[in-house]
Each structure stands twice: as structure tokens, then as C-alpha cells.
>>> print(open('my_file_35.pdb').read())   # PDB, C-alpha atoms
ATOM      1  CA  MET P   1       0.000   0.000   0.000
ATOM      2  CA  LYS P   2       2.795   2.373   0.906
ATOM      3  CA  ARG P   3       4.511   1.623  -2.422
ATOM      4  CA  PHE P   4       1.255   2.326  -4.289
ATOM      5  CA  ILE P   5       0.826   5.690  -2.562
ATOM      6  CA  THR P   6       4.423   6.597  -3.370
ATOM      7  CA  LEU P   7       3.930   5.624  -7.032
ATOM      8  CA  LEU P   8       0.689   7.603  -7.217
ATOM      9  CA  ALA P   9       2.404  10.671  -5.763
ATOM     10  CA  MET P  10       5.161  10.333  -8.353
ATOM     11  CA  LEU P  11       2.628  10.089 -11.196
ATOM     12  CA  ILE P  12       0.797  13.178  -9.942
ATOM     13  CA  SER P  13       4.089  15.078  -9.703
ATOM     14  CA  VAL P  14       4.943  14.114 -13.285
ATOM     15  CA  GLN P  15       1.501  15.234 -14.491
ATOM     16  CA  ILE P  16       1.885  18.577 -12.722
ATOM     17  CA  ALA P  17       5.362  19.026 -14.219
ATOM     18  CA  PHE P  18       4.027  18.316 -17.716
ATOM     19  CA  ALA P  19       1.163  20.747 -17.102
ATOM     20  CA  GLN P  20       3.553  23.480 -15.972
ATOM     21  CA  ASN P  21       5.614  22.951 -19.101
ATOM     22  CA  HIS P  22       2.465  23.493 -21.177
ATOM     23  CA  VAL P  23       1.694  26.652 -19.192
ATOM     24  CA  SER P  24       5.177  28.091 -19.721
ATOM     25  CA  LYS P  25       4.991  27.453 -23.464
ATOM     26  CA  GLY P  26       1.456  28.862 -23.609
ATOM     27  CA  ASP P  27       2.440  32.041 -21.777
ATOM     28  CA  SER P  28       5.370  32.576 -24.146
ATOM     29  CA  LEU P  29       3.223  32.041 -27.236
ATOM     30  CA  LYS P  30       0.498  34.325 -25.889
ATOM     31  CA  GLY P  31       3.090  37.040 -25.323
ATOM     32  CA  GLU P  32       4.085  36.790 -28.979
ATOM     33  CA  GLY P  33       0.474  37.013 -30.156
ATOM     34  CA  LEU P  34       0.308  33.350 -31.267
ATOM     35  CA  LEU P  35      -3.084  32.616 -29.769
ATOM     36  CA  MET P  36      -4.009  29.290 -31.373
ATOM     37  CA  PRO P  37      -0.713  27.580 -30.464
ATOM     38  CA  ALA P  38      -1.066  29.074 -26.963
ATOM     39  CA  LEU P  39      -4.590  27.637 -26.747
ATOM     40  CA  THR P  40      -3.229  24.180 -27.591
ATOM     41  CA  GLU P  41      -0.663  24.425 -24.793
ATOM     42  CA  TYR P  42      -3.192  25.639 -22.230
ATOM     43  CA  ALA P  43      -5.547  22.811 -23.224
ATOM     44  CA  GLY P  44      -2.684  20.379 -22.629
ATOM     45  CA  ALA P  45      -2.122  21.895 -19.191
ATOM     46  CA  MET P  46      -5.807  21.515 -18.359
ATOM     47  CA  MET P  47      -5.801  17.869 -19.422
ATOM     48  CA  GLU P  48      -2.746  17.125 -17.303
ATOM     49  CA  ASN P  49      -3.824  19.195 -14.301
ATOM     50  CA  PRO P  50      -7.471  20.387 -14.323
ATOM     51  CA  THR P  51      -7.178  23.283 -11.867
ATOM     52  CA  SER P  52      -9.090  26.550 -11.658
ATOM     53  CA  GLU P  53      -5.899  28.394 -12.706
ATOM     54  CA  ASN P  54      -5.606  26.368 -15.907
ATOM     55  CA  SER P  55      -9.310  26.766 -16.554
ATOM     56  CA  TYR P  56      -8.893  30.537 -16.193
ATOM     57  CA  ARG P  57      -6.066  30.465 -18.741
ATOM     58  CA  LEU P  58      -8.339  28.692 -21.201
ATOM     59  CA  ALA P  59     -11.119  31.204 -20.556
ATOM     60  CA  SER P  60      -8.708  34.076 -21.151
ATOM     61  CA  ILE P  61      -7.177  32.769 -24.373
ATOM     62  CA  THR P  62     -10.517  31.808 -25.919
ATOM     63  CA  ALA P  63     -11.947  35.241 -25.095
ATOM     64  CA  LEU P  64      -9.037  36.844 -26.958
ATOM     65  CA  LEU P  65      -9.967  34.858 -30.080
ATOM     66  CA  TRP P  66     -13.281  36.790 -30.291
ATOM     67  CA  THR P  67     -15.487  34.338 -32.256
ATOM     68  CA  SER P  68     -18.950  33.439 -30.914
ATOM     69  CA  GLN P  69     -17.936  29.791 -30.519
ATOM     70  CA  MET P  70     -14.860  30.798 -28.552
ATOM     71  CA  ARG P  71     -16.963  33.104 -26.348
ATOM     72  CA  ASP P  72     -19.144  30.120 -25.424
ATOM     73  CA  THR P  73     -15.991  28.164 -24.568
ATOM     74  CA  SER P  74     -14.646  31.089 -22.568
ATOM     75  CA  PHE P  75     -17.766  31.354 -20.418
ATOM     76  CA  TYR P  76     -17.708  27.583 -19.827
ATOM     77  CA  PHE P  77     -14.155  27.588 -18.495
ATOM     78  CA  LEU P  78     -14.577  30.896 -16.678
ATOM     79  CA  ASN P  79     -17.505  29.626 -14.641
ATOM     80  CA  TYR P  80     -15.441  26.594 -13.675
ATOM     81  CA  ALA P  81     -12.435  28.749 -12.789
ATOM     82  CA  LEU P  82     -14.445  31.082 -10.541
ATOM     83  CA  GLN P  83     -16.199  28.460  -8.427
ATOM     84  CA  ASN P  84     -13.983  29.112  -5.403
ATOM     85  CA  ASP P  85     -12.895  32.642  -6.294
ATOM     86  CA  SER P  86     -14.389  35.450  -4.206
ATOM     87  CA  THR P  87     -12.187  38.240  -5.609
ATOM     88  CA  LEU P  88     -13.113  40.884  -8.176
ATOM     89  CA  ASP P  89      -9.980  40.339 -10.282
ATOM     90  CA  VAL P  90     -11.817  38.930 -13.286
ATOM     91  CA  LEU P  91     -14.027  42.036 -13.498
ATOM     92  CA  TYR P  92     -11.122  44.211 -14.603
ATOM     93  CA  ASP P  93      -9.162  41.652 -16.623
ATOM     94  CA  PRO P  94      -8.798  43.177 -20.124
ATOM     95  CA  ASP P  95      -8.502  39.741 -21.750
ATOM     96  CA  PHE P  96     -12.284  39.500 -21.408
ATOM     97  CA  LEU P  97     -13.150  42.523 -23.552
ATOM     98  CA  SER P  98     -15.025  40.342 -26.048
ATOM     99  CA  LEU P  99     -17.353  39.110 -23.276
ATOM    100  CA  ILE P 100     -18.561  42.283 -21.564
ATOM    101  CA  ASP P 101     -21.442  42.999 -23.971
ATOM    102  CA  ASP P 102     -22.763  39.446 -23.637
ATOM    103  CA  PRO P 103     -25.650  39.076 -21.127
ATOM    104  CA  ARG P 104     -23.709  36.247 -19.460
ATOM    105  CA  TRP P 105     -21.060  38.744 -18.344
ATOM    106  CA  LYS P 106     -23.573  40.406 -16.020
ATOM    107  CA  ASP P 107     -24.100  36.993 -14.437
ATOM    108  CA  ILE P 108     -20.341  36.766 -13.849
ATOM    109  CA  GLU P 109     -20.344  40.260 -12.314
ATOM    110  CA  ASP P 110     -23.313  39.483 -10.055
ATOM    111  CA  LEU P 111     -21.725  36.217  -8.941
ATOM    112  CA  GLN P 112     -18.396  37.821  -8.031
ATOM    113  CA  PHE P 113     -20.024  40.843  -6.383
ATOM    114  CA  GLY P 114     -22.088  38.486  -4.230
ATOM    115  CA  LYS P 115     -19.145  36.364  -3.090
ATOM    116  CA  TYR P 116     -16.990  39.430  -2.487
ATOM    117  CA  GLU P 117     -19.672  41.143  -0.394
ATOM    118  CA  LEU P 118     -20.137  38.041   1.761
ATOM    119  CA  LYS P 119     -16.484  38.341   2.772
ATOM    120  CA  THR P 120     -15.974  42.111   2.920
ATOM    121  CA  GLY P 121     -19.371  43.764   3.279
ATOM    122  CA  ALA P 122     -21.652  45.573   0.874
ATOM    123  CA  ILE P 123     -20.372  47.659  -2.037
ATOM    124  CA  LYS P 124     -22.118  50.977  -1.446
ATOM    125  CA  ASN P 125     -22.492  52.071  -5.073
ATOM    126  CA  LYS P 126     -22.593  48.895  -7.127
ATOM    127  CA  PRO P 127     -23.833  50.479 -10.400
ATOM    128  CA  PHE P 128     -20.891  52.913 -10.318
ATOM    129  CA  ALA P 129     -18.498  50.048  -9.546
ATOM    130  CA  ARG P 130     -19.890  47.935 -12.377
ATOM    131  CA  ALA P 131     -19.498  50.794 -14.847
ATOM    132  CA  LEU P 132     -15.929  51.496 -13.723
ATOM    133  CA  PHE P 133     -14.900  47.857 -14.062
ATOM    134  CA  ARG P 134     -16.215  47.743 -17.611
ATOM    135  CA  MET P 135     -14.429  50.989 -18.430
ATOM    136  CA  ILE P 136     -11.123  49.515 -17.248
ATOM    137  CA  ILE P 137     -11.594  46.503 -19.523
ATOM    138  CA  LYS P 138     -12.530  48.726 -22.474
ATOM    139  CA  ASP P 139      -9.555  50.995 -21.860
ATOM    140  CA  GLN P 140      -7.054  48.156 -21.602
ATOM    141  CA  GLY P 141      -8.665  45.480 -23.761
ATOM    142  CA  PHE P 142      -7.202  46.280 -27.167
ATOM    143  CA  MET P 143      -3.810  47.033 -25.663
ATOM    144  CA  TYR P 144      -2.964  43.312 -25.806
ATOM    145  CA  ALA P 145      -2.919  43.383 -29.603
ATOM    146  CA  GLY P 146      -1.759  46.988 -29.734
ATOM    147  CA  ASN P 147       1.239  46.450 -27.465
ATOM    148  CA  ILE P 148       2.428  43.432 -29.448
ATOM    149  CA  GLU P 149       2.438  45.559 -32.588
ATOM    150  CA  ARG P 150       4.035  48.496 -30.784
ATOM    151  CA  ARG P 151       6.935  46.254 -29.803
ATOM    152  CA  LYS P 152       7.307  45.157 -33.418
ATOM    153  CA  TYR P 153       7.116  48.822 -34.444
ATOM    154  CA  MET P 154      10.157  49.572 -32.296
ATOM    155  CA  GLN P 155      11.990  46.501 -33.541
ATOM    156  CA  ASN P 156      11.208  47.318 -37.189
ATOM    157  CA  GLY P 157      12.625  50.831 -37.028
ATOM    158  CA  GLY P 158       9.317  52.671 -36.902
ATOM    159  CA  TYR P 159       7.130  50.486 -39.126
ATOM    160  CA  PHE P 160       4.142  48.376 -38.123
ATOM    161  CA  SER P 161       4.323  44.775 -39.279
ATOM    162  CA  THR P 162       0.705  44.626 -40.448
ATOM    163  CA  PRO P 163      -1.992  47.119 -41.510
ATOM    164  CA  ALA P 164      -4.390  45.232 -39.252
ATOM    165  CA  ILE P 165      -3.078  47.345 -36.378
ATOM    166  CA  PHE P 166      -4.759  50.498 -37.648
ATOM    167  CA  PRO P 167      -8.383  49.414 -37.051
ATOM    168  CA  VAL P 168      -7.251  48.172 -33.625
ATOM    169  CA  LEU P 169      -5.801  51.596 -32.825
ATOM    170  CA  ALA P 170      -8.973  53.250 -34.107
ATOM    171  CA  ARG P 171     -11.071  51.050 -31.835
ATOM    172  CA  GLU P 172      -8.820  51.867 -28.897
ATOM    173  CA  GLU P 173      -9.472  55.554 -29.526
ATOM    174  CA  LYS P 174     -13.230  54.974 -29.855
ATOM    175  CA  ASN P 175     -13.316  53.075 -26.567
ATOM    176  CA  MET P 176     -11.417  55.864 -24.813
ATOM    177  CA  LYS P 177     -13.882  58.488 -26.055
ATOM    178  CA  GLU P 178     -16.859  56.384 -24.987
ATOM    179  CA  ASN P 179     -15.284  55.809 -21.570
ATOM    180  CA  GLU P 180     -14.577  59.497 -21.156
ATOM    181  CA  SER P 181     -18.153  60.500 -21.974
ATOM    182  CA  GLN P 182     -19.618  57.932 -19.582
ATOM    183  CA  LEU P 183     -17.175  58.691 -16.766
ATOM    184  CA  LEU P 184     -17.739  62.442 -16.812
ATOM    185  CA  LYS P 185     -21.481  61.909 -16.414
ATOM    186  CA  LEU P 186     -20.860  59.572 -13.482
ATOM    187  CA  LEU P 187     -18.414  61.973 -11.839
ATOM    188  CA  ASP P 188     -20.914  64.801 -12.112
ATOM    189  CA  GLU P 189     -23.582  62.559 -10.581
ATOM    190  CA  TYR P 190     -21.628  60.751  -7.844
ATOM    191  CA  GLY P 191     -18.369  62.620  -7.327
ATOM    192  CA  TRP P 192     -14.937  60.982  -7.302
ATOM    193  CA  PRO P 193     -15.144  57.209  -6.667
ATOM    194  CA  THR P 194     -13.526  55.983  -3.461
ATOM    195  CA  ALA P 195     -12.642  52.536  -2.153
ATOM    196  CA  LEU P 196     -15.409  52.760   0.444
ATOM    197  CA  ARG P 197     -18.032  53.358  -2.236
ATOM    198  CA  VAL P 198     -16.965  51.252  -5.204
ATOM    199  CA  THR P 199     -13.953  49.153  -3.969
ATOM    200  CA  GLU P 200     -10.324  50.117  -4.475
ATOM    201  CA  PHE P 201     -10.145  48.097  -7.682
ATOM    202  CA  ALA P 202     -12.980  49.956  -9.381
ATOM    203  CA  ALA P 203     -11.867  53.349  -8.050
ATOM    204  CA  ALA P 204      -8.616  52.946 -10.005
ATOM    205  CA  GLY P 205     -10.642  53.152 -13.205
ATOM    206  CA  ALA P 206     -11.498  56.825 -12.837
ATOM    207  CA  ALA P 207      -7.884  58.008 -12.750
ATOM    208  CA  LEU P 208      -7.027  55.594 -15.567
ATOM    209  CA  ILE P 209      -9.682  57.039 -17.871
ATOM    210  CA  ILE P 210      -8.906  60.649 -16.957
ATOM    211  CA  ASN P 211      -5.189  60.107 -17.542
ATOM    212  CA  HIS P 212      -5.991  58.783 -21.028
ATOM    213  CA  SER P 213      -8.148  61.803 -21.781
ATOM    214  CA  THR P 214      -7.211  65.398 -22.634
ATOM    215  CA  TYR P 215      -5.238  67.934 -20.648
ATOM    216  CA  GLU P 216      -8.347  70.100 -20.244
ATOM    217  CA  ILE P 217     -10.320  67.258 -18.670
ATOM    218  CA  ARG P 218      -7.417  66.280 -16.408
ATOM    219  CA  LYS P 219      -7.125  69.895 -15.282
ATOM    220  CA  LYS P 220     -10.848  70.108 -14.560
ATOM    221  CA  TYR P 221     -11.210  66.873 -12.590
ATOM    222  CA  PHE P 222      -7.825  66.657 -10.860
ATOM    223  CA  PRO P 223      -9.103  68.697  -7.861
ATOM    224  CA  MET P 224     -11.655  65.934  -7.197
ATOM    225  CA  LEU P 225      -8.865  63.341  -7.081
ATOM    226  CA  GLU P 226      -6.699  65.652  -4.984
ATOM    227  CA  GLU P 227      -9.458  66.141  -2.419
ATOM    228  CA  ALA P 228     -10.060  62.389  -2.241
ATOM    229  CA  PHE P 229      -6.327  61.830  -1.739
ATOM    230  CA  LYS P 230      -6.101  64.420   1.033
ATOM    231  CA  ASN P 231      -9.043  62.723   2.741
ATOM    232  CA  GLY P 232      -7.258  59.363   2.585
ATOM    233  CA  GLU P 233      -9.671  58.041  -0.034
ATOM    234  CA  ALA P 234      -7.325  57.724  -3.050
ATOM    235  CA  GLN P 235      -4.003  55.939  -3.445
ATOM    236  CA  PRO P 236      -0.894  58.162  -3.434
ATOM    237  CA  LEU P 237       0.451  56.802  -6.727
ATOM    238  CA  ARG P 238      -2.816  57.636  -8.450
ATOM    239  CA  TYR P 239      -2.542  61.210  -7.179
ATOM    240  CA  ALA P 240       1.180  61.498  -7.993
ATOM    241  CA  LYS P 241       0.757  60.297 -11.580
ATOM    242  CA  MET P 242      -1.890  62.859 -12.436
ATOM    243  CA  ARG P 243      -0.124  65.651 -10.570
ATOM    244  CA  ASP P 244       3.117  64.940 -12.431
ATOM    245  CA  ARG P 245       1.395  64.618 -15.765
ATOM    246  CA  LEU P 246      -0.278  67.998 -15.436
ATOM    247  CA  LEU P 247       3.008  69.620 -14.439
ATOM    248  CA  VAL P 248       4.802  68.136 -17.471
ATOM    249  CA  GLU P 249       1.977  69.161 -19.797
ATOM    250  CA  GLU P 250       2.236  72.708 -18.482
ATOM    251  CA  GLY P 251       5.967  72.808 -19.210
ATOM    252  CA  ASN P 252       7.060  72.377 -15.595
ATOM    253  CA  GLU P 253       9.237  69.809 -13.836
ATOM    254  CA  GLN P 254       7.453  66.911 -12.193
ATOM    255  CA  LEU P 255       7.492  66.305  -8.440
ATOM    256  CA  TYR P 256       7.414  62.531  -8.028
ATOM    257  CA  GLY P 257       9.137  61.071 -11.110
ATOM    258  CA  THR P 258       6.178  59.103 -12.436
ATOM    259  CA  GLN P 259       6.265  60.478 -15.996
ATOM    260  CA  LEU P 260       8.722  58.857 -18.389
ATOM    261  CA  LYS P 261      10.200  59.649 -21.798
ATOM    262  CA  PHE P 262      12.463  57.908 -24.279
ATOM    263  CA  GLU P 263      16.087  58.881 -24.704
ATOM    264  CA  GLY P 264      17.021  56.786 -27.702
ATOM    265  CA  ASN P 265      15.645  53.351 -26.852
ATOM    266  CA  THR P 266      15.900  53.924 -23.101
ATOM    267  CA  ARG P 267      13.087  55.148 -20.875
ATOM    268  CA  VAL P 268      13.985  57.688 -18.211
ATOM    269  CA  PRO P 269      11.948  60.049 -16.007
ATOM    270  CA  GLN P 270      10.958  63.406 -17.395
ATOM    271  CA  SER P 271      12.753  66.335 -15.765
ATOM    272  CA  ILE P 272      12.259  66.305 -11.969
ATOM    273  CA  GLN P 273      12.134  69.360  -9.735
ATOM    274  CA  ASP P 274      14.970  69.263  -7.150
ATOM    275  CA  PRO P 275      15.764  65.595  -7.934
ATOM    276  CA  GLN P 276      17.942  65.204  -4.837
ATOM    277  CA  ASN P 277      14.788  65.471  -2.728
ATOM    278  CA  VAL P 278      12.418  63.448  -4.907
ATOM    279  CA  ASP P 279      12.416  60.509  -2.469
ATOM    280  CA  LYS P 280      11.620  62.841   0.423
ATOM    281  CA  ARG P 281       8.581  64.175  -1.446
ATOM    282  CA  ARG P 282       7.538  60.652  -2.392
ATOM    283  CA  ALA P 283       7.850  59.455   1.212
ATOM    284  CA  GLU P 284       5.728  62.372   2.413
ATOM    285  CA  ILE P 285       2.763  61.091   0.391
ATOM    286  CA  GLY P 286       3.397  57.401   1.061
ATOM    287  CA  LEU P 287       5.435  56.318  -1.973
ATOM    288  CA  GLU P 288       8.541  54.125  -2.116
ATOM    289  CA  PRO P 289      11.887  55.541  -3.371
ATOM    290  CA  LEU P 290      11.921  56.369  -7.068
ATOM    291  CA  THR P 291      14.756  53.971  -7.904
ATOM    292  CA  VAL P 292      12.774  51.105  -6.354
ATOM    293  CA  TYR P 293       9.568  52.111  -8.168
ATOM    294  CA  LEU P 294      11.240  52.395 -11.570
ATOM    295  CA  LYS P 295      13.016  49.066 -11.235
ATOM    296  CA  LYS P 296       9.982  47.204  -9.968
ATOM    297  CA  ARG P 297       7.438  48.647 -12.386
ATOM    298  CA  PHE P 298       9.502  49.185 -15.547
ATOM    299  CA  ASP P 299      12.824  47.370 -15.009
ATOM    300  CA  ILE P 300      14.574  50.752 -15.302
ATOM    301  CA  ASP P 301      17.886  51.297 -13.537
ATOM    302  CA  TRP P 302      18.015  54.980 -12.579
ATOM    303  CA  GLN P 303      20.057  57.025 -10.146
ATOM    304  CA  VAL P 304      19.621  60.593  -8.954
ATOM    305  CA  THR P 305      22.084  62.985 -10.546
ATOM    306  CA  SER P 306      22.745  66.618  -9.728
ATOM    307  CA  LYS P 307      21.796  69.265 -12.289
TER     308      LYS P 307
END
>>> encode(input="my_file_35.pdb", output="C-alpha cells")
Amino acid sequence: MKRFITLLAMLISVQIAFAQNHVSKGDSLKGEGLLMPALTEYAGAMMENPTSENSYRLASITALLWTSQMRDTSFYFLNYALQNDSTLDVLYDPDFLSLIDDPRWKDIEDLQFGKYELKTGAIKNKPFARALFRMIIKDQGFMYAGNIERRKYMQNGGYFSTPAIFPVLAREEKNMKENESQLLKLLDEYGWPTALRVTEFAAAGAALIINHSTYEIRKKYFPMLEEAFKNGEAQPLRYAKMRDRLLVEEGNEQLYGTQLKFEGNTRVPQSIQDPQNVDKRRAEIGLEPLTVYLKKRFDIDWQVTSK
């Protein structure tokens, strides 16, 4: 009996190892934009090790393929993946852009809202939260395809590899305009969204949409974010990013180092006011040192230099 249990454990370990190999290959292929080969690898992982994580990968990859048949497959695996998930992560996952106009997506939202509220308490403004989550997905959804082509653009010396990117970019722009119009109406009706009212995850959507809008709109609505930040109802990085962006747009030096530019093929912070004290200013509002932030978020090695 002991030998049988040992053998069974070995077989399970081998299956898990094979599944992880499929996952690694699938992730690499997905990163390159090779969705069908990635789907094959994720399916292999699911066959070897039928976990909620592997089911989620299948839901994600099939949603990215956009066809009605693949949407059906995506919902099938997504419902399986979320059985024991009480988070709201799926509600702002941009891979699911093709699903959010399907009536079944509302069922997913209602299910996750319900499980989340059982653990954390009621979401005070659920319609606002729902709208913000969908805006995040719309804002980020086409960036999967767009970012793959943008990388190729850099590699190809300033040329896109396919004309198919242009309708994608046009749709990105359309989504941003639709988000902006909807968000401004909601801000005028409800004020700036806070974690207490819509959850921290949904609240992030407002700053995201505003930062992808125009300078005039950022200038108009930044005071709402600033007030929320001063009241402890908005994350410091969210505040710092918009504050810095406005300063740069107005021809001034930024305060917190969140705005980047390219120097050749290297990204560096835009000009910083009194750079020797940037970490002091960041600490005052609850941010980590700039060198740590840049390395962690963008893999940028940067050191303060005197003017």
C-alpha cells in the first residue's frame, strides 16, 4: 500500500510538471500574439492538471480569439475557474473585452459581487463600480494586440508589421472616447469614486480614464482626485501620476518622477524638480523611493544625478 501511494504521488508530480511545461509554453506564445498555439498548450495543461488556474487560462485565451464559438468556450471555463474565487480580479481583466457585452457577463459580475460582499461587506455604489470595471476593460482590452504591434514597431525601425493594427488603434481611440463621456457623467452625478463606495479596484478606473483623456479634462477633474487623496480616499500613486502629468503638460518639472520619456531606446523620467529630494517628497505622500519604483514597475535602472 505504501509503495502504491508513493507511485501515485510520483505520477501526480509528473503530471503537474508536464502541465507546468504546457503553461510556460502557452504564456510565451500568448506574449508573442500566437493565440491558437497558446490555446493548444493551455488545453494540454488543463488535461494534465485540471485546476481553476488552468481553466482561467483557457477562458482568457478563448476570449481573446473573439469568435462566438470561442466566447461560449470562454464562459464555460470561466464559470469553472471562478467556483472558489471570491475576488473581483476577473471584473477588470482586459482579456475579457469580447465578453462584456454578452448578457452572461452580467451573471459573472453578479456572482463575483455576491461572493466578495459576503467576505468584505456591501459595495455601497454597485452600479458605479460595475461601470468602472467595464471601463477599465474597455480601456485596456485592445492594448494586448496593440502592445504586441508596438513592440514590433520599435523593432522594425518605426514600421508596423501589419496594416491590421490600424483598425485596432482606431477602436482603442473609440473606446477611450466612450469611456470618457460615460465617466464624466458619473463623476458629475456621484463625485470621485472611493474605495469605500466602489472598492479600491474599481476606483482605479477613474484616474485611468482621466489620464488617457485630454489635458483640459485632467485639469478640470484633478481637484476631485486631490481632495479624495487628502481625505485618505485615493491611493498616493494615483494622485502622484496625475499631478506629475499635469506639471509636465504645463511645461514644468514633475514632483514625483512618475512620468517617463524615451532617450534613444531607453526610458527615463521626465525632468524632476529638485531631484535630490524626490524621495523625500515621495515618502511624504506614502510612496517608495523612485529607484525602487522604476526598477519594480519598468525594469529601469536609474540614479539621482545633480543638475
>>> atom_distance(input="my_file_35.pdb", atom1="CA of Thr214 (chain P)", atom2="CA of Asn175 (chain P)")
14.3 Å
>>> atom_distance(input="my_file_35.pdb", atom1="CA of Leu58 (chain P)", atom2="CA of Met143 (chain P)")
19.4 Å
>>> residues_around(input="my_file_35.pdb", residues="Lys25 (chain P)", least_positions_apart="4", cutoff="8 Å", atoms="only C-alpha atoms", output="list in words")
Asn21, Leu29, Ala38 and Glu41 of chain P
>>> closest_residue(input="my_file_35.pdb", among="P:Tyr239, P:Asn265, P:Leu132, P:Glu249", to="Ala206 (chain P)", atoms="only C-alpha atoms")
P:Leu132
>>> atom_distance(input="my_file_35.pdb", atom1="CA of Pro193 (chain P)", atom2="CA of Ala234 (chain P)")
8.6 Å
>>> resolve_selection(input="my_file_35.pdb", expression="the PyMOL selection byres ((chain P and resi 176) around 8)", output="list in words")
Lys138, Asp139, Glu172, Glu173, Lys174, Asn175, Lys177, Glu178, Asn179, Glu180, Ile209, His212 and Ser213 of chain P
>>> closest_residue(input="my_file_35.pdb", among="P:Leu82, P:Leu246, P:Ile136, P:Ala195", to="Lys219 (chain P)", atoms="only C-alpha atoms")
P:Leu246
>>> resolve_selection(input="my_file_35.pdb", expression="the PyMOL selection byres ((chain P and resi 271-284) around 6)", output="list in words")
Glu253, Gln254, Leu255, Tyr256, Gln270, Ile285, Gly286, Leu287 and Pro289 of chain P
>>> residues_near_point(input="my_file_35.pdb", point="(-14.2, 48.6, -2.6)", cutoff="12 Å", atoms="only C-alpha atoms", output="PyMOL selection string")
chain P and resi 87-88+113+116-117+119-126+128-130+132-133+193-204+233-234
>>> resolve_selection(input="my_file_35.pdb", expression="the PyMOL selection byres ((chain P and resi 141) around 8)", output="PyMOL selection string")
chain P and resi 94-97+137-140+142-144
>>> residues_around(input="my_file_35.pdb", residues="region 68-77 of chain P", least_positions_apart="4", cutoff="6 Å", atoms="all atoms listed in the file", output="PyMOL selection string")
chain P and resi 55+59+62-63
>>> residues_near_point(input="my_file_35.pdb", point="(-17.0, 63.9, -14.2)", cutoff="12 Å", atoms="only C-alpha atoms", output="PyMOL selection string")
chain P and resi 179-193+206-207+209-210+213+217-225
>>> write_last_selection(input="my_file_35.pdb", atoms="C-alpha atoms", output="compact mmCIF listing (two decimals), in the frame of the given file")
# COMPACT_ATOMS: atom_id res chain seq x y z
CA ASN P 179 -15.28 55.81 -21.57
CA GLU P 180 -14.58 59.50 -21.16
CA SER P 181 -18.15 60.50 -21.97
CA GLN P 182 -19.62 57.93 -19.58
CA LEU P 183 -17.18 58.69 -16.77
CA LEU P 184 -17.74 62.44 -16.81
CA LYS P 185 -21.48 61.91 -16.41
CA LEU P 186 -20.86 59.57 -13.48
CA LEU P 187 -18.41 61.97 -11.84
CA ASP P 188 -20.91 64.80 -12.11
CA GLU P 189 -23.58 62.56 -10.58
CA TYR P 190 -21.63 60.75 -7.84
CA GLY P 191 -18.37 62.62 -7.33
CA TRP P 192 -14.94 60.98 -7.30
CA PRO P 193 -15.14 57.21 -6.67
CA ALA P 206 -11.50 56.82 -12.84
CA ALA P 207 -7.88 58.01 -12.75
CA ILE P 209 -9.68 57.04 -17.87
CA ILE P 210 -8.91 60.65 -16.96
CA SER P 213 -8.15 61.80 -21.78
CA ILE P 217 -10.32 67.26 -18.67
CA ARG P 218 -7.42 66.28 -16.41
CA LYS P 219 -7.12 69.90 -15.28
CA LYS P 220 -10.85 70.11 -14.56
CA TYR P 221 -11.21 66.87 -12.59
CA PHE P 222 -7.82 66.66 -10.86
CA PRO P 223 -9.10 68.70 -7.86
CA MET P 224 -11.66 65.93 -7.20
CA LEU P 225 -8.86 63.34 -7.08
>>> closest_residue(input="my_file_35.pdb", among="P:Glu288, P:Gly264, P:Ala45, P:Ala19", to="Pro236 (chain P)", atoms="only C-alpha atoms")
P:Glu288
>>> closest_residue(input="my_file_35.pdb", among="P:Asp89, P:Tyr42, P:Pro37, P:Arg150", to="His22 (chain P)", atoms="only C-alpha atoms")
P:Tyr42
